[in-house]
Every structure is written in C-alpha cells, then in structure tokens.
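Asks: Structure incoming, see below.
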Amino acid sequence: MKVVRVVAAVIRREDQVFATARGYGEFCGQWEFPGGKIEESETPQQALIREIKEELNVDIAVGECIDTIEYDYATFHLSMDCFWATIINGQLELKEAQAAKWLSKVDLDSVTWLPADILLIDKIKKVL
Ligand SMILES: Nc1nc2c([nH]c(=O)n2[C@@H]2O[C@H](COP(=O)(O)OP(=O)(O)OP(=O)(O)O)[C@@H](O)[C@H]2O)c(=O)[nH]1
C-alpha cells in the first residue's frame, strides 16, 4: 500500500490547542491539526514550518514530537509525525481551512476528528 508521510503541528497556547476543519476533499468539514506532506529534501520540522506558513501565514517554533501516528486509510497508509508548536510571529489567517478553533481539554471531544487523529487526541489530553 502507498505510504503517505505527513507532519502535523499541535499549536499550543496556554491550555489550548489549535485545530482546523478541512475545506476540501473526501474529509471536508472534519477536524485535524494543520500540516501536510513532507517533500523529499525536507526534514519533518522544515516541512512543518513551510506548511504552517502556507496554510496559516504564521511562523512557528517546532517543539518535541508527540507521537508518530500510523493509520491505514482505504487507499493509503498514513505515517504522521505530530509535534508541539508555538506561534512566534504573525496573525493566524485561514488560507485553506474552512474553520478553526482553539480547544481546551474539555472541548477536544466536541469536534469530529479525521479517523487517524483519534489516537493522537488521547495523548494530547494527558498533557493539557
Ligand atoms: N495535516 C493533517 N493531515 C492529516 C491529519 N490527519 C490525517 O489523517 N491527515 C491526512 O494526511 C493526508 C495529507 O495531508 P495533506 O493536507 O497534505 O492532504 P491533501 O490530501 O489535502 O493533499 P493535497 O494538498 O496534496 O491535495 C491527508 O490524507 C489527510 O487526510 C491531521 O491531523 N493533519
């Protein structure tokens, strides 16, 4: 099965994390952490900084890796490195997402996550 390598940022502000709703495609309207595919010449951290600038027009500092999520979708295997991140410059703008929310621990179950993200949410809850 095709393997898709993705990187995602769990952007943190005090006790909240920033989530976005997909604006297009098969999973349109479902919630995720911003990020995207890693290009060949990039480290995961470089890919994340680039993707967040493209999608949200802010600069981030990339922190520790939270987890690497491995998940089988119907047509590909997802391998997703998830990092803590903080905004170091700029104002958030939604370039691709249809909506966004800052979520605290008690709000994490209030949105419909992409299937692969369920595993990650449990880990985030333990830290927030
Ligand atoms: N960024 C991101 N992608 C996720 C998450 N969870 C998850 O299953 N994915 C999957 O990771 C894949 C790659 O993300 P992407 O943003 O580059 O995907 P895409 O299909 O829109 O790519 P495209 O922009 O090349 O068309 C998608 O299939 C997406 O569904 C998540 O929390 N964040």
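Here, A, B, ... name the chains of the structure tokens in the order displayed, residue numbers run from 1 inside each chain, and ligands are numbered from 1 in the same displayed order.
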So which bits of segment 49-108 of chain A end up alpha helix (DSSP H) when you DSSP the backbone, as a PyMOL selection string?
Replies: chain A and resi 49-56
Asks: Which protein, DNA or RNA residues have an atom within 8 Å of ligand 1, counting only C-alpha atoms and all ligand atoms, as number ranges by chain?
Replies: A: 4-9, 24-25, 27, 31-37, 71, 78, 80, 113-117
Asks: Now that the selection is made, can you save its residues with C-alpha atoms as a PDB file, in the first residue's frame?
Replies:
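So the final result, stored in result_14.pdb, reads:
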ATOM      1  CA  VAL A   4       2.000   8.995   2.713  1.00  0.00           C
ATOM      2  CA  ARG A   5       4.347  10.825   5.101  1.00  0.00           C
ATOM      3  CA  VAL A   6       2.695  13.767   6.774  1.00  0.00           C
ATOM      4  CA  VAL A   7       3.681  16.180   9.507  1.00  0.00           C
ATOM      5  CA  ALA A   8       1.179  17.944  11.786  1.00  0.00           C
ATOM      6  CA  ALA A   9       1.501  20.812  14.276  1.00  0.00           C
ATOM      7  CA  TYR A  24     -11.991  20.412   0.574  1.00  0.00           C
ATOM      8  CA  GLY A  25     -11.869  16.763  -0.484  1.00  0.00           C
ATOM      9  CA  PHE A  27     -12.939  14.532   4.540  1.00  0.00           C
ATOM     10  CA  TRP A  31     -11.177  18.400  12.046  1.00  0.00           C
ATOM     11  CA  GLU A  32      -7.410  17.959  12.054  1.00  0.00           C
ATOM     12  CA  PHE A  33      -4.142  19.594  13.030  1.00  0.00           C
ATOM     13  CA  PRO A  34      -2.626  21.811  10.353  1.00  0.00           C
ATOM     14  CA  GLY A  35       0.264  20.412   8.352  1.00  0.00           C
ATOM     15  CA  GLY A  36       0.783  18.360   5.212  1.00  0.00           C
ATOM     16  CA  LYS A  37       3.001  16.094   3.192  1.00  0.00           C
ATOM     17  CA  TYR A  71      -3.065   4.579  10.248  1.00  0.00           C
ATOM     18  CA  LEU A  78      -0.629   7.367   6.702  1.00  0.00           C
ATOM     19  CA  MET A  80       2.121  11.232  10.532  1.00  0.00           C
ATOM     20  CA  TRP A 113     -11.696  14.419  14.012  1.00  0.00           C
ATOM     21  CA  LEU A 114     -10.189  12.722  10.990  1.00  0.00           C
ATOM     22  CA  PRO A 115     -10.031   8.997  11.793  1.00  0.00           C
ATOM     23  CA  ALA A 116      -6.241   8.924  12.264  1.00  0.00           C
ATOM     24  CA  ASP A 117      -6.335  11.736  14.826  1.00  0.00           C
TER      25      ASP A 117
END
Asks: Applying 12 Å and only C-alpha atoms, which residues near Lys53 of chain A remain after dropping the ones on its own chain fewer than 2 positions away? List them as an MDAnalysis selection string.
Replies: chainID A and resid 9 34:36 46:51 55:61 87:96
Asks: Name all residues at most 8 Å from Cys65 of chain A (count only C-alpha atoms; drop same-chain ones fewer than 6 positions away) and give them as a list in words.
Replies: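 Near neighbours after the sequence-gap exclusion: Asp81, Cys82, Phe83 and Trp84 of chain A.
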Asks: DSSP says strand (DSSP E) for which residues of chain A? Put them as a PyMOL selection string?
Replies: chain A and resi 3-13+16-21+31-32+35-37+59-72+77-89+99-104
Asks: Go ahead and write the residues just picked, C-alpha atoms, as a PDB file, in the first residue's frame.
Replies:
ATOM      1  CA  VAL A   3       2.719   5.268   2.292  1.00  0.00           C
ATOM      2  CA  VAL A   4       2.000   8.995   2.713  1.00  0.00           C
ATOM      3  CA  ARG A   5       4.347  10.825   5.101  1.00  0.00           C
ATOM      4  CA  VAL A   6       2.695  13.767   6.774  1.00  0.00           C
ATOM      5  CA  VAL A   7       3.681  16.180   9.507  1.00  0.00           C
ATOM      6  CA  ALA A   8       1.179  17.944  11.786  1.00  0.00           C
ATOM      7  CA  ALA A   9       1.501  20.812  14.276  1.00  0.00           C
ATOM      8  CA  VAL A  10      -0.321  20.806  17.574  1.00  0.00           C
ATOM      9  CA  ILE A  11      -0.043  24.544  18.125  1.00  0.00           C
ATOM     10  CA  ARG A  12      -0.386  25.310  21.810  1.00  0.00           C
ATOM     11  CA  ARG A  13      -1.390  28.499  23.597  1.00  0.00           C
ATOM     12  CA  GLN A  16      -5.496  25.228  24.384  1.00  0.00           C
ATOM     13  CA  VAL A  17      -4.577  23.703  21.029  1.00  0.00           C
ATOM     14  CA  PHE A  18      -5.435  24.974  17.561  1.00  0.00           C
ATOM     15  CA  ALA A  19      -7.484  22.743  15.253  1.00  0.00           C
ATOM     16  CA  THR A  20      -8.771  23.330  11.729  1.00  0.00           C
ATOM     17  CA  ALA A  21     -11.632  21.914   9.650  1.00  0.00           C
ATOM     18  CA  TRP A  31     -11.177  18.400  12.046  1.00  0.00           C
ATOM     19  CA  GLU A  32      -7.410  17.959  12.054  1.00  0.00           C
ATOM     20  CA  GLY A  35       0.264  20.412   8.352  1.00  0.00           C
ATOM     21  CA  GLY A  36       0.783  18.360   5.212  1.00  0.00           C
ATOM     22  CA  LYS A  37       3.001  16.094   3.192  1.00  0.00           C
ATOM     23  CA  ASP A  59       5.883  31.390  11.845  1.00  0.00           C
ATOM     24  CA  ILE A  60       6.143  28.603  14.396  1.00  0.00           C
ATOM     25  CA  ALA A  61       8.772  27.174  16.678  1.00  0.00           C
ATOM     26  CA  VAL A  62       8.643  23.391  16.486  1.00  0.00           C
ATOM     27  CA  GLY A  63       8.927  21.576  19.808  1.00  0.00           C
ATOM     28  CA  GLU A  64       9.013  17.930  20.818  1.00  0.00           C
ATOM     29  CA  CYS A  65       7.497  15.123  18.804  1.00  0.00           C
ATOM     30  CA  ILE A  66       4.259  13.965  20.491  1.00  0.00           C
ATOM     31  CA  ASP A  67       3.845  10.768  18.517  1.00  0.00           C
ATOM     32  CA  THR A  68       4.048   9.233  15.068  1.00  0.00           C
ATOM     33  CA  ILE A  69       0.585   8.071  14.100  1.00  0.00           C
ATOM     34  CA  GLU A  70       0.372   5.052  11.794  1.00  0.00           C
ATOM     35  CA  TYR A  71      -3.065   4.579  10.248  1.00  0.00           C
ATOM     36  CA  ASP A  72      -4.476   2.581   7.310  1.00  0.00           C
ATOM     37  CA  HIS A  77      -1.096   4.134   4.765  1.00  0.00           C
ATOM     38  CA  LEU A  78      -0.629   7.367   6.702  1.00  0.00           C
ATOM     39  CA  SER A  79       2.541   7.915   8.718  1.00  0.00           C
ATOM     40  CA  MET A  80       2.121  11.232  10.532  1.00  0.00           C
ATOM     41  CA  ASP A  81       4.746  12.887  12.772  1.00  0.00           C
ATOM     42  CA  CYS A  82       2.971  15.162  15.250  1.00  0.00           C
ATOM     43  CA  PHE A  83       4.867  17.959  17.007  1.00  0.00           C
ATOM     44  CA  TRP A  84       4.082  20.523  19.645  1.00  0.00           C
ATOM     45  CA  ALA A  85       4.458  24.016  18.236  1.00  0.00           C
ATOM     46  CA  THR A  86       4.055  27.650  19.258  1.00  0.00           C
ATOM     47  CA  ILE A  87       3.449  30.732  17.160  1.00  0.00           C
ATOM     48  CA  ILE A  88       6.457  33.043  17.198  1.00  0.00           C
ATOM     49  CA  ASN A  89       5.364  35.613  14.613  1.00  0.00           C
ATOM     50  CA  ALA A  99     -12.954  26.888  10.109  1.00  0.00           C
ATOM     51  CA  ALA A 100     -10.643  26.852  13.116  1.00  0.00           C
ATOM     52  CA  LYS A 101     -10.940  26.701  16.898  1.00  0.00           C
ATOM     53  CA  TRP A 102      -8.751  26.906  19.965  1.00  0.00           C
ATOM     54  CA  LEU A 103      -9.741  23.842  22.019  1.00  0.00           C
ATOM     55  CA  SER A 104      -9.076  23.165  25.674  1.00  0.00           C
TER      56      SER A 104
END
